[in-house]
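Source file: run27.cif (mmCIF, N, CA and C atoms; chains and numbers go by the auth columns)
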data_protein
#
loop_
_atom_site.group_PDB
_atom_site.id
_atom_site.type_symbol
_atom_site.label_atom_id
_atom_site.label_comp_id
_atom_site.label_asym_id
_atom_site.label_seq_id
_atom_site.Cartn_x
_atom_site.Cartn_y
_atom_site.Cartn_z
_atom_site.B_iso_or_equiv
_atom_site.auth_seq_id
_atom_site.auth_asym_id
ATOM 1 N N MET A 1 19.850 -19.702 18.845 0.00 72 R
ATOM 2 C CA MET A 1 19.020 -18.655 19.429 0.00 72 R
ATOM 3 C C MET A 1 19.597 -17.276 19.144 0.00 72 R
ATOM 4 N N GLN A 2 20.891 -17.107 19.252 0.00 73 R
ATOM 5 C CA GLN A 2 21.533 -15.818 19.012 0.00 73 R
ATOM 6 C C GLN A 2 21.289 -15.344 17.579 0.00 73 R
ATOM 7 N N MET A 3 21.343 -16.273 16.608 0.00 74 R
ATOM 8 C CA MET A 3 21.132 -15.891 15.223 0.00 74 R
ATOM 9 C C MET A 3 19.709 -15.350 15.041 0.00 74 R
ATOM 10 N N ASN A 4 18.713 -15.947 15.649 0.00 75 R
ATOM 11 C CA ASN A 4 17.340 -15.471 15.542 0.00 75 R
ATOM 12 C C ASN A 4 17.191 -14.080 16.142 0.00 75 R
ATOM 13 N N ARG A 5 17.853 -13.856 17.259 0.00 76 R
ATOM 14 C CA ARG A 5 17.810 -12.542 17.907 0.00 76 R
ATOM 15 C C ARG A 5 18.418 -11.491 16.987 0.00 76 R
ATOM 16 N N ASN A 6 19.578 -11.774 16.440 0.00 77 R
ATOM 17 C CA ASN A 6 20.237 -10.825 15.546 0.00 77 R
ATOM 18 C C ASN A 6 19.402 -10.578 14.292 0.00 77 R
ATOM 19 N N TYR A 7 18.768 -11.610 13.782 0.00 78 R
ATOM 20 C CA TYR A 7 17.911 -11.477 12.606 0.00 78 R
ATOM 21 C C TYR A 7 16.742 -10.537 12.897 0.00 78 R
ATOM 22 N N LEU A 8 16.103 -10.710 14.052 0.00 79 R
ATOM 23 C CA LEU A 8 14.968 -9.869 14.412 0.00 79 R
ATOM 24 C C LEU A 8 15.388 -8.422 14.647 0.00 79 R
ATOM 25 N N ILE A 9 16.563 -8.226 15.230 0.00 80 R
ATOM 26 C CA ILE A 9 17.068 -6.864 15.428 0.00 80 R
ATOM 27 C C ILE A 9 17.341 -6.217 14.074 0.00 80 R
ATOM 28 N N GLU A 10 17.950 -6.972 13.164 0.00 81 R
ATOM 29 C CA GLU A 10 18.190 -6.439 11.826 0.00 81 R
ATOM 30 C C GLU A 10 16.865 -6.117 11.132 0.00 81 R
ATOM 31 N N LEU A 11 15.905 -7.009 11.226 0.00 82 R
ATOM 32 C CA LEU A 11 14.594 -6.809 10.624 0.00 82 R
ATOM 33 C C LEU A 11 13.929 -5.554 11.182 0.00 82 R
ATOM 34 N N ALA A 12 14.039 -5.330 12.473 0.00 83 R
ATOM 35 C CA ALA A 12 13.412 -4.176 13.116 0.00 83 R
ATOM 36 C C ALA A 12 14.009 -2.850 12.640 0.00 83 R
ATOM 37 N N HIS A 13 15.272 -2.866 12.237 0.00 84 R
ATOM 38 C CA HIS A 13 15.955 -1.620 11.866 0.00 84 R
ATOM 39 C C HIS A 13 16.203 -1.482 10.366 0.00 84 R
ATOM 40 N N TYR A 14 15.755 -2.439 9.583 0.00 85 R
ATOM 41 C CA TYR A 14 16.002 -2.397 8.139 0.00 85 R
ATOM 42 C C TYR A 14 15.043 -1.421 7.487 0.00 85 R
ATOM 43 N N LYS A 15 15.567 -0.600 6.592 0.00 86 R
ATOM 44 C CA LYS A 15 14.750 0.398 5.901 0.00 86 R
ATOM 45 C C LYS A 15 14.622 0.057 4.429 0.00 86 R
ATOM 46 N N MET A 16 13.506 0.441 3.861 0.00 87 R
ATOM 47 C CA MET A 16 13.251 0.224 2.442 0.00 87 R
ATOM 48 C C MET A 16 14.261 1.044 1.640 0.00 87 R
ATOM 49 N N PRO A 17 15.010 0.395 0.736 0.00 88 R
ATOM 50 C CA PRO A 17 16.088 1.098 0.041 0.00 88 R
ATOM 51 C C PRO A 17 15.664 1.859 -1.216 0.00 88 R
ATOM 52 N N PHE A 18 14.418 1.746 -1.654 0.00 89 R
ATOM 53 C CA PHE A 18 14.022 2.393 -2.904 0.00 89 R
ATOM 54 C C PHE A 18 12.524 2.649 -2.932 0.00 89 R
ATOM 55 N N GLY A 19 12.094 3.407 -3.947 0.00 90 R
ATOM 56 C CA GLY A 19 10.673 3.588 -4.216 0.00 90 R
ATOM 57 C C GLY A 19 9.986 4.623 -3.357 0.00 90 R
ATOM 58 N N LYS A 20 8.684 4.590 -3.429 0.00 91 R
ATOM 59 C CA LYS A 20 7.820 5.534 -2.726 0.00 91 R
ATOM 60 C C LYS A 20 8.069 5.538 -1.219 0.00 91 R
ATOM 61 N N TYR A 21 8.418 4.398 -0.676 0.00 92 R
ATOM 62 C CA TYR A 21 8.598 4.264 0.767 0.00 92 R
ATOM 63 C C TYR A 21 10.068 4.190 1.176 0.00 92 R
ATOM 64 N N LYS A 22 10.939 4.736 0.339 0.00 93 R
ATOM 65 C CA LYS A 22 12.380 4.723 0.621 0.00 93 R
ATOM 66 C C LYS A 22 12.647 5.322 2.002 0.00 93 R
ATOM 67 N N ASP A 23 13.546 4.682 2.734 0.00 94 R
ATOM 68 C CA ASP A 23 13.996 5.093 4.069 0.00 94 R
ATOM 69 C C ASP A 23 12.966 4.888 5.174 0.00 94 R
ATOM 70 N N ARG A 24 11.878 4.197 4.887 0.00 95 R
ATOM 71 C CA ARG A 24 10.928 3.811 5.942 0.00 95 R
ATOM 72 C C ARG A 24 11.329 2.437 6.467 0.00 95 R
ATOM 73 N N TYR A 25 11.146 2.251 7.772 0.00 96 R
ATOM 74 C CA TYR A 25 11.356 0.915 8.323 0.00 96 R
ATOM 75 C C TYR A 25 10.377 -0.042 7.662 0.00 96 R
ATOM 76 N N LEU A 26 10.819 -1.266 7.444 0.00 97 R
ATOM 77 C CA LEU A 26 9.951 -2.246 6.787 0.00 97 R
ATOM 78 C C LEU A 26 8.655 -2.448 7.564 0.00 97 R
ATOM 79 N N VAL A 27 8.720 -2.401 8.872 0.00 98 R
ATOM 80 C CA VAL A 27 7.519 -2.595 9.694 0.00 98 R
ATOM 81 C C VAL A 27 6.513 -1.463 9.472 0.00 98 R
ATOM 82 N N ASP A 28 6.966 -0.318 8.968 0.00 99 R
ATOM 83 C CA ASP A 28 6.081 0.818 8.730 0.00 99 R
ATOM 84 C C ASP A 28 5.487 0.831 7.325 0.00 99 R
ATOM 85 N N LEU A 29 5.848 -0.143 6.506 0.00 100 R
ATOM 86 C CA LEU A 29 5.276 -0.212 5.164 0.00 100 R
ATOM 87 C C LEU A 29 3.809 -0.614 5.257 0.00 100 R
ATOM 88 N N PRO A 30 2.962 -0.026 4.419 0.00 101 R
ATOM 89 C CA PRO A 30 1.539 -0.401 4.452 0.00 101 R
ATOM 90 C C PRO A 30 1.332 -1.860 4.021 0.00 101 R
ATOM 91 N N GLU A 31 0.392 -2.509 4.658 0.00 102 R
ATOM 92 C CA GLU A 31 0.117 -3.911 4.342 0.00 102 R
ATOM 93 C C GLU A 31 -0.258 -4.124 2.874 0.00 102 R
ATOM 94 N N PRO A 32 -1.049 -3.223 2.241 0.00 103 R
ATOM 95 C CA PRO A 32 -1.345 -3.434 0.815 0.00 103 R
ATOM 96 C C PRO A 32 -0.082 -3.442 -0.070 0.00 103 R
ATOM 97 N N TYR A 33 0.904 -2.667 0.293 0.00 104 R
ATOM 98 C CA TYR A 33 2.173 -2.645 -0.450 0.00 104 R
ATOM 99 C C TYR A 33 2.873 -4.000 -0.326 0.00 104 R
ATOM 100 N N LEU A 34 2.889 -4.544 0.875 0.00 105 R
ATOM 101 C CA LEU A 34 3.499 -5.857 1.089 0.00 105 R
ATOM 102 C C LEU A 34 2.701 -6.954 0.387 0.00 105 R
ATOM 103 N N THR A 35 1.385 -6.811 0.379 0.00 106 R
ATOM 104 C CA THR A 35 0.534 -7.778 -0.321 0.00 106 R
ATOM 105 C C THR A 35 0.817 -7.739 -1.817 0.00 106 R
ATOM 106 N N TRP A 36 1.035 -6.547 -2.351 0.00 107 R
ATOM 107 C CA TRP A 36 1.384 -6.408 -3.769 0.00 107 R
ATOM 108 C C TRP A 36 2.671 -7.168 -4.073 0.00 107 R
ATOM 109 N N PHE A 37 3.686 -7.006 -3.220 0.00 108 R
ATOM 110 C CA PHE A 37 4.932 -7.760 -3.399 0.00 108 R
ATOM 111 C C PHE A 37 4.661 -9.264 -3.336 0.00 108 R
ATOM 112 N N ARG A 38 3.807 -9.663 -2.412 0.00 109 R
ATOM 113 C CA ARG A 38 3.479 -11.084 -2.263 0.00 109 R
ATOM 114 C C ARG A 38 2.878 -11.637 -3.555 0.00 109 R
ATOM 115 N N GLN A 39 2.022 -10.840 -4.188 0.00 110 R
ATOM 116 C CA GLN A 39 1.366 -11.282 -5.415 0.00 110 R
ATOM 117 C C GLN A 39 2.305 -11.241 -6.617 0.00 110 R
ATOM 118 N N LYS A 40 3.151 -10.225 -6.689 0.00 111 R
ATOM 119 C CA LYS A 40 4.049 -10.048 -7.836 0.00 111 R
ATOM 120 C C LYS A 40 5.373 -10.776 -7.686 0.00 111 R
ATOM 121 N N GLY A 41 5.730 -11.076 -6.449 0.00 112 R
ATOM 122 C CA GLY A 41 7.003 -11.725 -6.160 0.00 112 R
ATOM 123 C C GLY A 41 7.920 -10.789 -5.398 0.00 112 R
ATOM 124 N N PHE A 42 8.418 -11.275 -4.281 0.00 113 R
ATOM 125 C CA PHE A 42 9.360 -10.488 -3.488 0.00 113 R
ATOM 126 C C PHE A 42 10.684 -10.404 -4.236 0.00 113 R
ATOM 127 N N PRO A 43 11.435 -9.314 -4.039 0.00 114 R
ATOM 128 C CA PRO A 43 12.756 -9.228 -4.673 0.00 114 R
ATOM 129 C C PRO A 43 13.653 -10.375 -4.208 0.00 114 R
ATOM 130 N N LYS A 44 14.638 -10.668 -4.989 0.00 115 R
ATOM 131 C CA LYS A 44 15.597 -11.715 -4.620 0.00 115 R
ATOM 132 C C LYS A 44 16.538 -11.175 -3.543 0.00 115 R
ATOM 133 N N GLY A 45 17.120 -12.071 -2.799 0.00 116 R
ATOM 134 C CA GLY A 45 18.129 -11.686 -1.820 0.00 116 R
ATOM 135 C C GLY A 45 17.565 -11.300 -0.468 0.00 116 R
ATOM 136 N N LYS A 46 18.417 -10.605 0.288 0.00 117 R
ATOM 137 C CA LYS A 46 18.106 -10.254 1.670 0.00 117 R
ATOM 138 C C LYS A 46 16.844 -9.396 1.776 0.00 117 R
ATOM 139 N N LEU A 47 16.706 -8.394 0.905 0.00 118 R
ATOM 140 C CA LEU A 47 15.534 -7.527 0.970 0.00 118 R
ATOM 141 C C LEU A 47 14.250 -8.331 0.807 0.00 118 R
ATOM 142 N N GLY A 48 14.211 -9.211 -0.160 0.00 119 R
ATOM 143 C CA GLY A 48 13.027 -10.029 -0.369 0.00 119 R
ATOM 144 C C GLY A 48 12.702 -10.903 0.821 0.00 119 R
ATOM 145 N N GLU A 49 13.737 -11.458 1.421 0.00 120 R
ATOM 146 C CA GLU A 49 13.552 -12.302 2.609 0.00 120 R
ATOM 147 C C GLU A 49 12.971 -11.485 3.760 0.00 120 R
ATOM 148 N N LEU A 50 13.506 -10.290 3.959 0.00 121 R
ATOM 149 C CA LEU A 50 13.024 -9.445 5.051 0.00 121 R
ATOM 150 C C LEU A 50 11.607 -8.933 4.783 0.00 121 R
ATOM 151 N N LEU A 51 11.312 -8.575 3.533 0.00 122 R
ATOM 152 C CA LEU A 51 9.958 -8.142 3.190 0.00 122 R
ATOM 153 C C LEU A 51 8.950 -9.264 3.416 0.00 122 R
ATOM 154 N N GLN A 52 9.346 -10.459 3.054 0.00 123 R
ATOM 155 C CA GLN A 52 8.451 -11.608 3.262 0.00 123 R
ATOM 156 C C GLN A 52 8.215 -11.844 4.754 0.00 123 R
ATOM 157 N N ALA A 53 9.261 -11.686 5.554 0.00 124 R
ATOM 158 C CA ALA A 53 9.116 -11.859 7.006 0.00 124 R
ATOM 159 C C ALA A 53 8.187 -10.788 7.579 0.00 124 R
ATOM 160 N N ILE A 54 8.362 -9.535 7.163 0.00 125 R
ATOM 161 C CA ILE A 54 7.495 -8.456 7.653 0.00 125 R
ATOM 162 C C ILE A 54 6.056 -8.682 7.203 0.00 125 R
ATOM 163 N N TYR A 55 5.873 -9.153 5.989 0.00 126 R
ATOM 164 C CA TYR A 55 4.526 -9.467 5.503 0.00 126 R
ATOM 165 C C TYR A 55 3.848 -10.472 6.440 0.00 126 R
ATOM 166 N N GLU A 56 4.548 -11.543 6.754 0.00 127 R
ATOM 167 C CA GLU A 56 3.984 -12.577 7.642 0.00 127 R
ATOM 168 C C GLU A 56 3.703 -12.018 9.029 0.00 127 R
ATOM 169 N N ILE A 57 4.606 -11.198 9.522 0.00 128 R
ATOM 170 C CA ILE A 57 4.438 -10.596 10.845 0.00 128 R
ATOM 171 C C ILE A 57 3.203 -9.701 10.857 0.00 128 R
ATOM 172 N N LYS A 58 3.051 -8.877 9.817 0.00 129 R
ATOM 173 C CA LYS A 58 1.928 -7.938 9.779 0.00 129 R
ATOM 174 C C LYS A 58 0.579 -8.642 9.596 0.00 129 R
ATOM 175 N N ILE A 59 0.513 -9.641 8.728 0.00 130 R
ATOM 176 C CA ILE A 59 -0.790 -10.291 8.521 0.00 130 R
ATOM 177 C C ILE A 59 -1.221 -11.090 9.742 0.00 130 R
ATOM 178 N N ASN A 60 -0.268 -11.398 10.602 0.00 131 R
ATOM 179 C CA ASN A 60 -0.591 -12.104 11.839 0.00 131 R
ATOM 180 C C ASN A 60 -0.721 -11.161 13.033 0.00 131 R
ATOM 181 N N GLY A 61 -0.674 -9.851 12.762 0.00 132 R
ATOM 182 C CA GLY A 61 -0.879 -8.858 13.820 0.00 132 R
ATOM 183 C C GLY A 61 0.229 -8.796 14.852 0.00 132 R
ATOM 184 N N LEU A 62 1.460 -9.088 14.455 0.00 133 R
ATOM 185 C CA LEU A 62 2.564 -9.159 15.406 0.00 133 R
ATOM 186 C C LEU A 62 3.563 -8.014 15.282 0.00 133 R
ATOM 187 N N GLU A 63 3.195 -6.954 14.549 0.00 134 R
ATOM 188 C CA GLU A 63 4.162 -5.880 14.355 0.00 134 R
ATOM 189 C C GLU A 63 4.575 -5.199 15.658 0.00 134 R
ATOM 190 N N HIS A 64 3.725 -5.303 16.694 0.00 135 R
ATOM 191 C CA HIS A 64 4.098 -4.732 17.991 0.00 135 R
ATOM 192 C C HIS A 64 5.387 -5.370 18.528 0.00 135 R
ATOM 193 N N LEU A 65 5.637 -6.617 18.180 0.00 136 R
ATOM 194 C CA LEU A 65 6.879 -7.268 18.612 0.00 136 R
ATOM 195 C C LEU A 65 8.098 -6.603 17.981 0.00 136 R
ATOM 196 N N ILE A 66 7.992 -6.237 16.719 0.00 137 R
ATOM 197 C CA ILE A 66 9.095 -5.568 16.025 0.00 137 R
ATOM 198 C C ILE A 66 9.292 -4.170 16.608 0.00 137 R
ATOM 199 N N ARG A 67 8.209 -3.486 16.903 0.00 138 R
ATOM 200 C CA ARG A 67 8.326 -2.152 17.499 0.00 138 R
ATOM 201 C C ARG A 67 8.960 -2.230 18.885 0.00 138 R
ATOM 202 N N ASP A 68 8.649 -3.274 19.644 0.00 139 R
ATOM 203 C CA ASP A 68 9.286 -3.479 20.949 0.00 139 R
ATOM 204 C C ASP A 68 10.790 -3.701 20.774 0.00 139 R
ATOM 205 N N ILE A 69 11.170 -4.451 19.777 0.00 140 R
ATOM 206 C CA ILE A 69 12.594 -4.693 19.501 0.00 140 R
ATOM 207 C C ILE A 69 13.278 -3.382 19.147 0.00 140 R
ATOM 208 N N GLN A 70 12.618 -2.527 18.369 0.00 141 R
ATOM 209 C CA GLN A 70 13.199 -1.224 18.016 0.00 141 R
ATOM 210 C C GLN A 70 13.478 -0.403 19.275 0.00 141 R
ATOM 211 N N LYS A 71 12.585 -0.473 20.247 0.00 142 R
ATOM 212 C CA LYS A 71 12.756 0.283 21.487 0.00 142 R
ATOM 213 C C LYS A 71 13.827 -0.335 22.384 0.00 142 R
ATOM 214 N N GLN A 72 13.830 -1.660 22.478 0.00 143 R
ATOM 215 C CA GLN A 72 14.773 -2.343 23.369 0.00 143 R
ATOM 216 C C GLN A 72 16.192 -2.346 22.839 0.00 143 R
ATOM 217 N N PHE A 73 16.332 -2.307 21.511 0.00 144 R
ATOM 218 C CA PHE A 73 17.662 -2.349 20.881 0.00 144 R
ATOM 219 C C PHE A 73 17.797 -1.204 19.889 0.00 144 R
ATOM 220 N N PRO A 74 17.889 0.040 20.403 0.00 145 R
ATOM 221 C CA PRO A 74 17.986 1.169 19.475 0.00 145 R
ATOM 222 C C PRO A 74 19.255 1.088 18.647 0.00 145 R
ATOM 223 N N LYS A 75 19.139 1.595 17.455 0.00 146 R
ATOM 224 C CA LYS A 75 20.285 1.537 16.542 0.00 146 R
ATOM 225 C C LYS A 75 21.265 2.634 16.842 0.00 146 R
#
As structure tokens - that is how I would like this structure written.
Amino acid sequence: MQMNRNYLIELAHYKMPFGKYKDRYLVDLPEPYLTWFRQKGFPKGKLGELLQAIYEIKINGLEHLIRDIQKQFPK
């Protein structure tokens, strides 16, 4: 359970490291951008894993949960 909590906190505070949306929280990335990654392939490694998680969260309308985590566990 602790690992899942830490993962979600990291996901809530992770920022895009490059490109047009550099320094934006992943949860703030537009859904079409995430869909593009889904179609072209997510990057390898941690970033790709987190982008894929945010994609799933957003298409299921659950981004409010990530925003709540940002408020409850400020960086």
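The space separating atom CA of R:Glu102 from atom CA of R:His84 comes to 17.7 Å.
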TODO: Could you tell me how far atom CA of R:Gly116 lies from atom CA of R:Gln141, in Å and to one decimal?
DONE: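 Separation between atom CA of R:Gly116 and atom CA of R:Gln141: 23.0 Å.
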Please enclose the listed atoms of stretch 128-144 of chain R in an axis-aligned box, pad each side by 8 Å, and write out the centre and the three edge lengths in Å, rounded to one decimal, as AutoDock Vina command-line options.
--center_x 8.3 --center_y -5.9 --center_z 15.9 --size_x 35.0 --size_y 28.4 --size_z 30.8
- [ ] Determine, counting all atoms listed in the file, which protein, DNA and RNA residues have an atom within 8 Å of an atom of stretch 85-98 of chain R; residues of the same chain fewer than 3 positions away are not included. Present the result as a list in words.
- [x]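 Contacts, in chain order: Leu79, Ile80, Glu81, Leu82, Pro101, Glu102, Leu118, Leu121, Leu122, Ile125, Tyr126, Lys129, Glu134, Ile137 and Arg138 of chain R.
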Open item on the list: Could you go through chain R and tell me which residues DSSP, when run on the backbone, assigns to alpha helix (DSSP H), listing them as an MDAnalysis selection string?
Closed with: chainID R and resid 73:84 102:111 116:130 134:143
Open item on the list: Applying 12 Å and only C-alpha atoms, which residues near R:Gln110 remain after dropping the ones on its own chain fewer than 5 positions away? List them as a VMD selection string.
Closed with: chain R and resid 103 to 105 123 126
- [ ] Work out how far apart atom CA of R:Arg76 and atom C of R:Leu100 are and give it in Å to one decimal.
- [x]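 Going from atom CA of R:Arg76 over to atom C of R:Leu100 covers 22.3 Å.
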Task: Counting only C-alpha atoms, the residue of R:Leu133, R:Glu120, R:Ala83, R:Phe108 that sits nearest R:Lys146 - done: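 Looking at the shortest contact to R:Lys146, the residue is R:Ala83.
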